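To start, the structure itself, in structure tokens.
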Amino acid sequence: MPKRYTVTAALPYTNGPIHIGHLAGVYIPADIYSRYMRLQGKEVAFICGSDEHGVAIALKAKKEGKTPQQIIDQYDQLIRTSFESFGIAFDHYSRTSREIHHETAQEFFKILYDKGVFEEKDSEQLYDPEAQQFLADRYVTGTCPICQNPEAYGDQCESCGSSLSATELIHPKSTLSGANPKLKKTKHWYLPLNRYENFIQKWILEGHQHDWKPNVYGQVKSWVSNGLQPRAVTRDLDWGIAVPVPDAEGKVLYVWFDAPIGYISSTKEWAAQKGKDWKPYWTDKETQLVHFIGKDNIVFHCIIFPVMLHASDRYILPENVPANEFLNLEGRKISTSKNWAVWLHEYLQEFPDQQDVLRYVLTANAPETKDNDFTWEEFQARNNNELVAIFGNFINRVMVLTHKYYEGYVPEPGKLEQEDKETLDSLAKLPAKIGHAIEHYRFREASQLLMGLARLGNKYLADTEPWKLIKTQPERVKTILHTALQISTALAILAEPLLPFSAAKLKKMLNLDTENKPWTAIEAQKTLLNPQHLLGKPELLFKQIEDSQMDAQREKLTATLTENTPEGKDVAPLKPSVSFKKFEALDLRVAEIIQAKKVRKTKKLMELTVRLGAEERTVVSGIATDFEEAELVGKKVSLLANLHPRTLKGIESQGMILLGENKEGQLVFVGPEDKNTASGTSIK
RNA sequence: CGCGAGGUAGAGCAGUGGUAGCUCGUCGGGCUCAUAACCCGAAGGUCGCAGGUUCGAGUCCUGCCCUCGCUACCA
């Protein structure tokens with residue numbers, strides 16, 4: 001096993017607070033891993049920090065009439081304090097806006113620059129003269145040069161599916177100001193990922209086929225087999241880290257380039273404060289580097305950042321990148337902008353001193369292999385049925401019995417019976433099992449193994465029945481409770497990485513020394529709690545969570561949903577009036593649906609065959625989420641019949657069905673329903 | 001359409017070639033030290049579908065279907 005661990009957790013982007021998805025995917029597993037490694041006596045640097053650059057922050061500031069600095073200060077503070085009170089025990093949490101990071105990132109750039117790694121390319125890019133900035137591809141719309149669709153985006157045309165670059169668009173328009181963007185020459189530096197395909201091939205595809213998670217490995221494989229492209233590492237923007245070479249005024253490092261370097265600068269800052277040398281943490285082969293991230297970050301941490309590290313020729317590569325999938329909330333995708341989330345800072349207020357409950361639930365149901373769903377129902381069940389009923393209750397039974405029979409002193413054990421030995425043997429095997437699970441990033445399994453130990457304790461008490469034997473064999477009861485107390489102590493030690501607050505509370509109840517007993521003591525079946533040791537006061541380790549609390553949380557989410565529906569807002573403003581002539585140009589008809597079929601591999605598209613008098617037409621309409629195939633057939637609807645045909649998913653749509661949206665956000669037909677209106681009738 | 005990940009008991013998941021398992025839930029029983037908690041037992045699965053390889057397939061191969069994600073779409 002390596003002796004030193006550099007553990008990084010994805011840098012949170014400071015444009016919003018932390019929610020349960022972040023915790024389940026990144027911060028809780030990283031924290032468990034780091035805590036465990038520290039308990040094994042390893043040198044650990046658990047590193048994180050706020051990611052504070054990039055165009056999204058610049059735009060958010062502009063929108064809110066604040067400076068970018070104000071935005072990042074606000075969220076850095078919120079994120080920092082909520083991590084701290086949640087017990088994510090970073091060794092260091094820095095910020096990419098700090099001087100040390102600017103220096104480190106610039107130095108990193110310089111190293112690659114001096115080695116001639118980058119390719120320099122002049123290109124003509126669209127520049128918005130009103131907003132006075134270069135436009136990212138997705139901020140430009142225009143006419144597609146291939147299919148003439150007038151609303152193609154700068155990176156891709158929705159109509160024909162072609163990949164475009166913004167400069168190819170005919171009649172481009174800035175979505176920021178509406179201005180006509182002008183071409184302006186600009187120079188950028190590119191990281192030629194294509195030259196490192198062999199490196200990635202050997203390192204990951206051949207070297208880590210079996211120890212990396214399938215979802216991570218699969219993503220990398222997909223990227224490599226599609227062919228890697230050079231990627232610009234600089235941008236024309238005023239918010240970020242200046243490009244430290246001549247001839248680069250007004251240019252900053254692209255945020256994805258500077259952010260991962262934040263791991264290094266944060267380590268440096270930490271080492272300086274501790275009087276340590278940071279270098280071994282990033283250069284020594286005895287160091288195991290592990291990146292904890294969500295699946296959206298796989299390409300950066302498995303391809304781009306490693307290529308940067310490799311090209312610099314002075315850093316070690318990550319040993320593993322255990323990316324998690326995503327967590328949904330009550331069946332819907334978590335969304336910061338739609339406020340569909342459980343926010344960490346709100347949880348901490350509403351469930352004070354219950355950090356471990358959320359830690360446990362998010363660990364036991366972590367999205368390790370696929371997307372998972374968080375529900376308040378499960379949250380309550382996991383707490384009441386597992387933490388309270390199994391773990392907390394076992395501890396309480398042992399505490400109460402020991403106080404009742406022996407005034408809180410640990411009794412002297414007698415001769416061990418078969419049932420005692422078997423229980424202690426199972427106990428001795430657990431540290432290795434839990435450790436193995438954590439070392440292999442299977443935190444869900446680790447949490448269940450820990451709960452299994454509490455179950456073992458309950459079973460042991462049920463089998464030995466000390467409350468009966470106390471009347472007939474009081475000596476035997478001493479052995480039983482001594483054994484039960486050993487299990488309790490082991491729980492306190494083994495729970496530390498997973499449930500640090502409860503572990504601390506339990507240690508206090510057991511009156512354990514503050515320093516941790518090593519896991520090896522459990523494996524060696526050493527006495528963990530000596531006879532005559534005096535226990536502390538019994539307290540409940542976990543509290544029941546009531547239905548009313550869950551109802552309140554669910555109501556909060558329902559309120560969010562209501563806010564998000566169009567009805568909660570004002571009616572959309574009317575468009576400018578049109579002349580009668582223009583209205584007359586529209587040919588509106590009654591159409592009868594005679595066939596309806598969902599378009600494969602789409603969520604919303606329905607292929608409809610409609611009758612217009614004698615004529616039959618195909619119309620593709622985005623209504624599949626609101627209507628079943630069967631209920632559509634026979635229905636009469638209003639159709640805009642002379643709309644220019646458009647091809648969707650390879651099906652030519654010859655018209656558009658008129659629809660309205662009700663307050664629940666469901667689509668309803670505008671039109672004549674099934675009266676005696678003949679199909680083909682004109683609507684006037 | 002393309003790529004990736006999944007599809008195993010009512011729910012959530014484990015199981016990568018050798019008699020289908022865990023947790024929750026359900027039902028029945030036991031216990032009463034314990035936060036109406038704990039312990040035992042039972043019911044419940046054609047392991048997405050169809051072929052193939054093999055003495056043997058949840059596990060390997062091929063094709064297909066479905067779900068999710070990325071991307072796109074929503075005329």
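Letters A, B, ... mark the chains of the structure tokens in the order given; residue numbers begin at 1 per chain; ligand numbers begin at 1, in order shown.
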Quick one: which chain B residues come within 12 Å of chain A, and what is the nearest atom pair for each with the distance in Å to one decimal, counting only C-alpha atoms (C1' of nucleotides), rows ordered by chain and ascending number, as a Markdown table?
| residue | atom | partner | partner_atom | distance |
| --- | --- | --- | --- | --- |
| B:C1 | C1' | A:Lys649 | CA | 7.7 |
| B:G2 | C1' | A:Asn226 | CA | 10.3 |
| B:C3 | C1' | A:Ser222 | CA | 6.2 |
| B:G4 | C1' | A:Gln219 | CA | 5.5 |
| B:A5 | C1' | A:Asn215 | CA | 5.6 |
| B:G6 | C1' | A:Lys370 | CA | 6.3 |
| B:G7 | C1' | A:Lys370 | CA | 11.1 |
| B:A11 | C1' | A:Glu378 | CA | 10.0 |
| B:G12 | C1' | A:Asn365 | CA | 7.8 |
| B:C13 | C1' | A:Asn365 | CA | 8.8 |
| B:A14 | C1' | A:Glu445 | CA | 8.8 |
| B:U16 | C1' | A:His210 | CA | 11.8 |
| B:C22 | C1' | A:Gln448 | CA | 9.3 |
| B:U23 | C1' | A:Gln448 | CA | 8.2 |
| B:C24 | C1' | A:Ala381 | CA | 8.1 |
| B:G25 | C1' | A:Ala381 | CA | 10.4 |
| B:G30 | C1' | A:Ala462 | CA | 10.1 |
| B:C31 | C1' | A:Ala462 | CA | 7.5 |
| B:U32 | C1' | A:Trp467 | CA | 9.2 |
| B:C33 | C1' | A:Trp467 | CA | 5.6 |
| B:A34 | C1' | A:Arg397 | CA | 4.7 |
| B:U35 | C1' | A:Asn393 | CA | 6.4 |
| B:A36 | C1' | A:Ala389 | CA | 10.8 |
| B:A37 | C1' | A:Ala389 | CA | 5.5 |
| B:C38 | C1' | A:Asn458 | CA | 6.3 |
| B:C39 | C1' | A:Ala462 | CA | 5.5 |
| B:C40 | C1' | A:Lys459 | CA | 9.9 |
| B:C65 | C1' | A:Arg600 | CA | 11.4 |
| B:C66 | C1' | A:Lys601 | CA | 10.4 |
| B:U67 | C1' | A:Asp371 | CA | 10.7 |
| B:C68 | C1' | A:Asp371 | CA | 6.9 |
| B:G69 | C1' | A:Asp371 | CA | 8.3 |
| B:C70 | C1' | A:Asp296 | CA | 8.4 |
| B:U71 | C1' | A:Gln156 | CA | 10.3 |
| B:A72 | C1' | A:Glu158 | CA | 6.9 |
| B:C73 | C1' | A:Thr602 | CA | 7.1 |
| B:C74 | C1' | A:Gly622 | CA | 4.4 |
| B:A75 | C1' | A:Met656 | CA | 5.0 |
- [ ] From stretch 249-434 of chain A, collect each residue whose DSSP state is strand (DSSP E) and return the set as a list in words.
- [x]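 Restricting stretch 249-434 of chain A to strand (DSSP E) produces Lys251, Val252, Leu253, Thr287, Gln288, Leu289, Val290, His291, Phe292, Pro318, Glu319, Asn320, Leu327, Asn328, Leu329, Arg332, Lys333, Asn372, Asp373 and Phe374 of chain A.
The protein and nucleic acid residues lying at most 10 Å from A:Ile522 are Leu424, Asp425, Leu427, Ala428, Lys429, Leu430, Pro431, Ala432, Gln486, Ile487, Thr489, Ala490, Ile493, Leu494, Lys517, Pro518, Trp519, Thr520, Ala524, Gln525, Lys526, Thr527 and Leu528 of chain A, with only C-alpha atoms (C1' of nucleotides) considered and sequence neighbours fewer than 2 positions away removed.
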Who sits within 7 Å of A:Cys48, only C-alpha atoms (C1' of nucleotides), same chain under 2 positions skipped, as an mmCIF file with all heavy atoms, in the first residue's frame:
data_model
loop_
_atom_site.group_PDB
_atom_site.id
_atom_site.type_symbol
_atom_site.label_atom_id
_atom_site.label_comp_id
_atom_site.auth_asym_id
_atom_site.auth_seq_id
_atom_site.Cartn_x
_atom_site.Cartn_y
_atom_site.Cartn_z
ATOM 1 N N THR A 8 -8.348 14.385 -3.880
ATOM 2 C CA THR A 8 -8.983 15.644 -4.264
ATOM 3 C C THR A 8 -10.481 15.436 -4.444
ATOM 4 O O THR A 8 -10.923 14.367 -4.837
ATOM 5 C CB THR A 8 -8.436 16.201 -5.595
ATOM 6 O OG1 THR A 8 -8.946 15.418 -6.679
ATOM 7 C CG2 THR A 8 -6.915 16.192 -5.624
ATOM 8 N N ALA A 9 -11.241 16.454 -4.114
ATOM 9 C CA ALA A 9 -12.676 16.465 -4.383
ATOM 10 C C ALA A 9 -12.919 17.597 -5.363
ATOM 11 O O ALA A 9 -12.311 18.661 -5.240
ATOM 12 C CB ALA A 9 -13.458 16.690 -3.099
ATOM 13 N N ALA A 10 -13.789 17.362 -6.336
ATOM 14 C CA ALA A 10 -14.051 18.352 -7.385
ATOM 15 C C ALA A 10 -14.247 19.737 -6.779
ATOM 16 O O ALA A 10 -14.939 19.896 -5.778
ATOM 17 C CB ALA A 10 -15.286 17.952 -8.176
ATOM 18 N N LEU A 11 -13.620 20.739 -7.388
ATOM 19 C CA LEU A 11 -13.767 22.099 -6.875
ATOM 20 C C LEU A 11 -15.181 22.584 -7.158
ATOM 21 O O LEU A 11 -15.598 22.615 -8.317
ATOM 22 C CB LEU A 11 -12.779 23.045 -7.566
ATOM 23 C CG LEU A 11 -11.288 22.696 -7.553
ATOM 24 C CD1 LEU A 11 -10.493 23.818 -8.213
ATOM 25 C CD2 LEU A 11 -10.774 22.438 -6.156
ATOM 26 N N PHE A 46 -6.132 15.925 1.940
ATOM 27 C CA PHE A 46 -7.480 15.956 1.359
ATOM 28 C C PHE A 46 -7.726 17.404 0.942
ATOM 29 O O PHE A 46 -7.856 18.290 1.767
ATOM 30 C CB PHE A 46 -8.488 15.480 2.400
ATOM 31 C CG PHE A 46 -9.919 15.450 1.935
ATOM 32 C CD1 PHE A 46 -10.257 15.395 0.591
ATOM 33 C CD2 PHE A 46 -10.954 15.440 2.869
ATOM 34 C CE1 PHE A 46 -11.577 15.349 0.184
ATOM 35 C CE2 PHE A 46 -12.275 15.403 2.472
ATOM 36 C CZ PHE A 46 -12.587 15.356 1.131
ATOM 37 N N PHE A 90 -11.724 18.523 5.093
ATOM 38 C CA PHE A 90 -10.620 18.813 4.182
ATOM 39 C C PHE A 90 -9.372 19.136 4.987
ATOM 40 O O PHE A 90 -9.457 19.778 6.037
ATOM 41 C CB PHE A 90 -10.938 20.050 3.319
ATOM 42 C CG PHE A 90 -12.114 19.884 2.412
ATOM 43 C CD1 PHE A 90 -13.215 20.721 2.525
ATOM 44 C CD2 PHE A 90 -12.136 18.905 1.432
ATOM 45 C CE1 PHE A 90 -14.309 20.585 1.684
ATOM 46 C CE2 PHE A 90 -13.218 18.767 0.584
ATOM 47 C CZ PHE A 90 -14.317 19.605 0.717
ATOM 48 N N HIS A 92 -7.315 20.989 3.450
ATOM 49 C CA HIS A 92 -7.240 22.380 3.039
ATOM 50 C C HIS A 92 -8.296 22.699 1.994
ATOM 51 O O HIS A 92 -8.521 21.934 1.080
ATOM 52 C CB HIS A 92 -5.849 22.702 2.477
ATOM 53 C CG HIS A 92 -5.595 24.171 2.389
ATOM 54 N ND1 HIS A 92 -5.555 24.978 3.497
ATOM 55 C CD2 HIS A 92 -5.406 24.982 1.328
ATOM 56 C CE1 HIS A 92 -5.324 26.225 3.112
ATOM 57 N NE2 HIS A 92 -5.241 26.264 1.801
ATOM 58 N N TYR A 93 -8.923 23.855 2.166
ATOM 59 C CA TYR A 93 -9.923 24.329 1.214
ATOM 60 C C TYR A 93 -9.514 25.725 0.770
ATOM 61 O O TYR A 93 -9.569 26.670 1.541
ATOM 62 C CB TYR A 93 -11.307 24.351 1.858
ATOM 63 C CG TYR A 93 -12.419 24.635 0.868
ATOM 64 C CD1 TYR A 93 -13.013 23.596 0.162
ATOM 65 C CD2 TYR A 93 -12.843 25.928 0.626
ATOM 66 C CE1 TYR A 93 -14.016 23.859 -0.757
ATOM 67 C CE2 TYR A 93 -13.849 26.190 -0.296
ATOM 68 C CZ TYR A 93 -14.431 25.149 -0.985
ATOM 69 O OH TYR A 93 -15.422 25.401 -1.904
ATOM 70 N N SER A 94 -9.073 25.841 -0.467
ATOM 71 C CA SER A 94 -8.538 27.112 -0.953
ATOM 72 C C SER A 94 -9.518 27.771 -1.926
ATOM 73 O O SER A 94 -10.704 27.428 -1.953
ATOM 74 C CB SER A 94 -7.183 26.863 -1.630
ATOM 75 O OG SER A 94 -6.572 28.075 -1.971
ATOM 76 N N TYR A 263 -5.997 22.103 -7.494
ATOM 77 C CA TYR A 263 -5.637 21.050 -6.540
ATOM 78 C C TYR A 263 -4.190 21.226 -6.089
ATOM 79 O O TYR A 263 -3.847 21.033 -4.928
ATOM 80 C CB TYR A 263 -5.787 19.667 -7.177
ATOM 81 C CG TYR A 263 -7.179 19.294 -7.648
ATOM 82 C CD1 TYR A 263 -7.360 18.656 -8.874
ATOM 83 C CD2 TYR A 263 -8.294 19.550 -6.868
ATOM 84 C CE1 TYR A 263 -8.622 18.280 -9.302
ATOM 85 C CE2 TYR A 263 -9.563 19.175 -7.286
ATOM 86 C CZ TYR A 263 -9.723 18.548 -8.507
ATOM 87 O OH TYR A 263 -10.963 18.171 -8.935
ATOM 88 N N SER A 266 -3.750 24.543 -4.017
ATOM 89 C CA SER A 266 -4.324 24.375 -2.684
ATOM 90 C C SER A 266 -3.389 23.538 -1.804
ATOM 91 O O SER A 266 -3.213 23.816 -0.618
ATOM 92 C CB SER A 266 -5.702 23.705 -2.797
ATOM 93 O OG SER A 266 -6.317 23.579 -1.543
#
Open item on the list: If DSSP is run on the backbone, what residues of stretch 321-377 of chain A are alpha helix (DSSP H)? A reply as JSON, numbers by chain would be ideal.
Closed with: {"A": [344, 345, 346, 347, 348, 349, 350, 355, 356, 357, 358, 359, 360, 361, 362, 363, 364, 376, 377]}
Open item on the list: One decimal, in Å: what's the spacing between atom CA of A:Arg38 and atom CA of A:His22?
Closed with: 22.9 Å
Task: 12 Å contact set for B:G44, only C-alpha atoms (C1' of nucleotides), chain neighbours under 4 positions out, as number ranges by chain - done: B: 9-10, 25-27
Task: Gap from atom CA of A:Ile20 to atom CA of A:Leu362 - Å, one decimal - done: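 Interatomic distance here is 7.8 Å.
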Open item on the list: So that I can check the surroundings of A:Lys121, please list as an MDAnalysis selection string every protein, DNA and RNA residue that reaches within 10 Å of it, counting only C-alpha atoms (C1' of nucleotides) and ignoring chain neighbours fewer than 3 positions away.
Closed with: chainID A and resid 118 124 186:190 232
Quick one: everything within 10 Å of stretch 111-113 of chain A, counting only C-alpha atoms (C1' of nucleotides), minus sequence neighbours fewer than 2 positions away in the same chain. Send it as a compact mmCIF listing (two decimals) with N, CA and C atoms, in the first residue's frame.
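So part.txt came out as:
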# COMPACT_ATOMS: atom_id res chain seq x y z
N ALA A 105 -0.89 28.42 -11.59
CA ALA A 105 -1.49 28.14 -12.90
C ALA A 105 -0.66 28.76 -14.02
N GLN A 106 -0.18 29.97 -13.77
CA GLN A 106 0.64 30.62 -14.79
C GLN A 106 1.95 29.86 -14.99
N GLU A 107 2.49 29.41 -13.87
CA GLU A 107 3.74 28.66 -13.95
C GLU A 107 3.53 27.35 -14.74
N PHE A 108 2.41 26.71 -14.47
CA PHE A 108 2.08 25.47 -15.17
C PHE A 108 1.97 25.74 -16.67
N PHE A 109 1.28 26.81 -17.01
CA PHE A 109 1.14 27.18 -18.41
C PHE A 109 2.52 27.41 -19.03
N LYS A 115 8.09 24.14 -23.13
CA LYS A 115 8.39 22.83 -23.71
C LYS A 115 7.86 22.72 -25.14
N GLY A 116 7.14 23.73 -25.56
CA GLY A 116 6.59 23.69 -26.91
C GLY A 116 5.42 22.74 -27.04
N VAL A 117 4.72 22.51 -25.96
CA VAL A 117 3.59 21.58 -26.00
C VAL A 117 2.41 22.17 -26.77
N PHE A 118 2.15 23.45 -26.56
CA PHE A 118 0.96 24.06 -27.16
C PHE A 118 1.12 24.30 -28.65
N GLU A 119 -0.01 24.34 -29.33
CA GLU A 119 -0.03 24.82 -30.70
C GLU A 119 -0.66 26.21 -30.65
N GLU A 120 -0.04 27.14 -31.38
CA GLU A 120 -0.62 28.48 -31.45
C GLU A 120 -1.40 28.58 -32.74
N TRP A 189 -3.94 29.48 -27.71
CA TRP A 189 -3.05 28.34 -27.54
C TRP A 189 -3.90 27.09 -27.34
N LEU A 191 -4.09 22.84 -26.57
CA LEU A 191 -3.46 21.63 -26.05
C LEU A 191 -3.78 20.52 -27.06
N PRO A 244 0.36 34.16 -19.23
CA PRO A 244 1.64 34.77 -18.85
C PRO A 244 2.69 34.74 -19.94
N VAL A 245 2.31 35.06 -21.15
CA VAL A 245 3.32 35.13 -22.21
C VAL A 245 3.08 36.43 -22.97
N MET A 308 -2.12 17.12 -19.26
CA MET A 308 -1.36 18.27 -18.79
C MET A 308 -0.24 17.82 -17.83
N LEU A 309 -0.61 16.95 -16.89
CA LEU A 309 0.37 16.47 -15.90
C LEU A 309 1.49 15.71 -16.60
N ALA A 311 2.39 15.91 -19.80
CA ALA A 311 3.19 16.76 -20.68
C ALA A 311 4.18 17.61 -19.89
N SER A 312 3.82 17.94 -18.66
CA SER A 312 4.73 18.76 -17.85
C SER A 312 5.95 17.94 -17.43
N ASP A 313 5.75 16.60 -17.43
CA ASP A 313 6.87 15.72 -17.15
C ASP A 313 7.38 15.81 -15.72
N ARG A 314 6.58 16.33 -14.81
CA ARG A 314 7.08 16.39 -13.45
C ARG A 314 6.07 15.93 -12.40
Task: Coordinates-based distance that separates atom CA of A:Phe86 from atom CA of A:Glu52 (Å, one decimal) - done: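 Computing it gives 21.9 Å between the two atoms.
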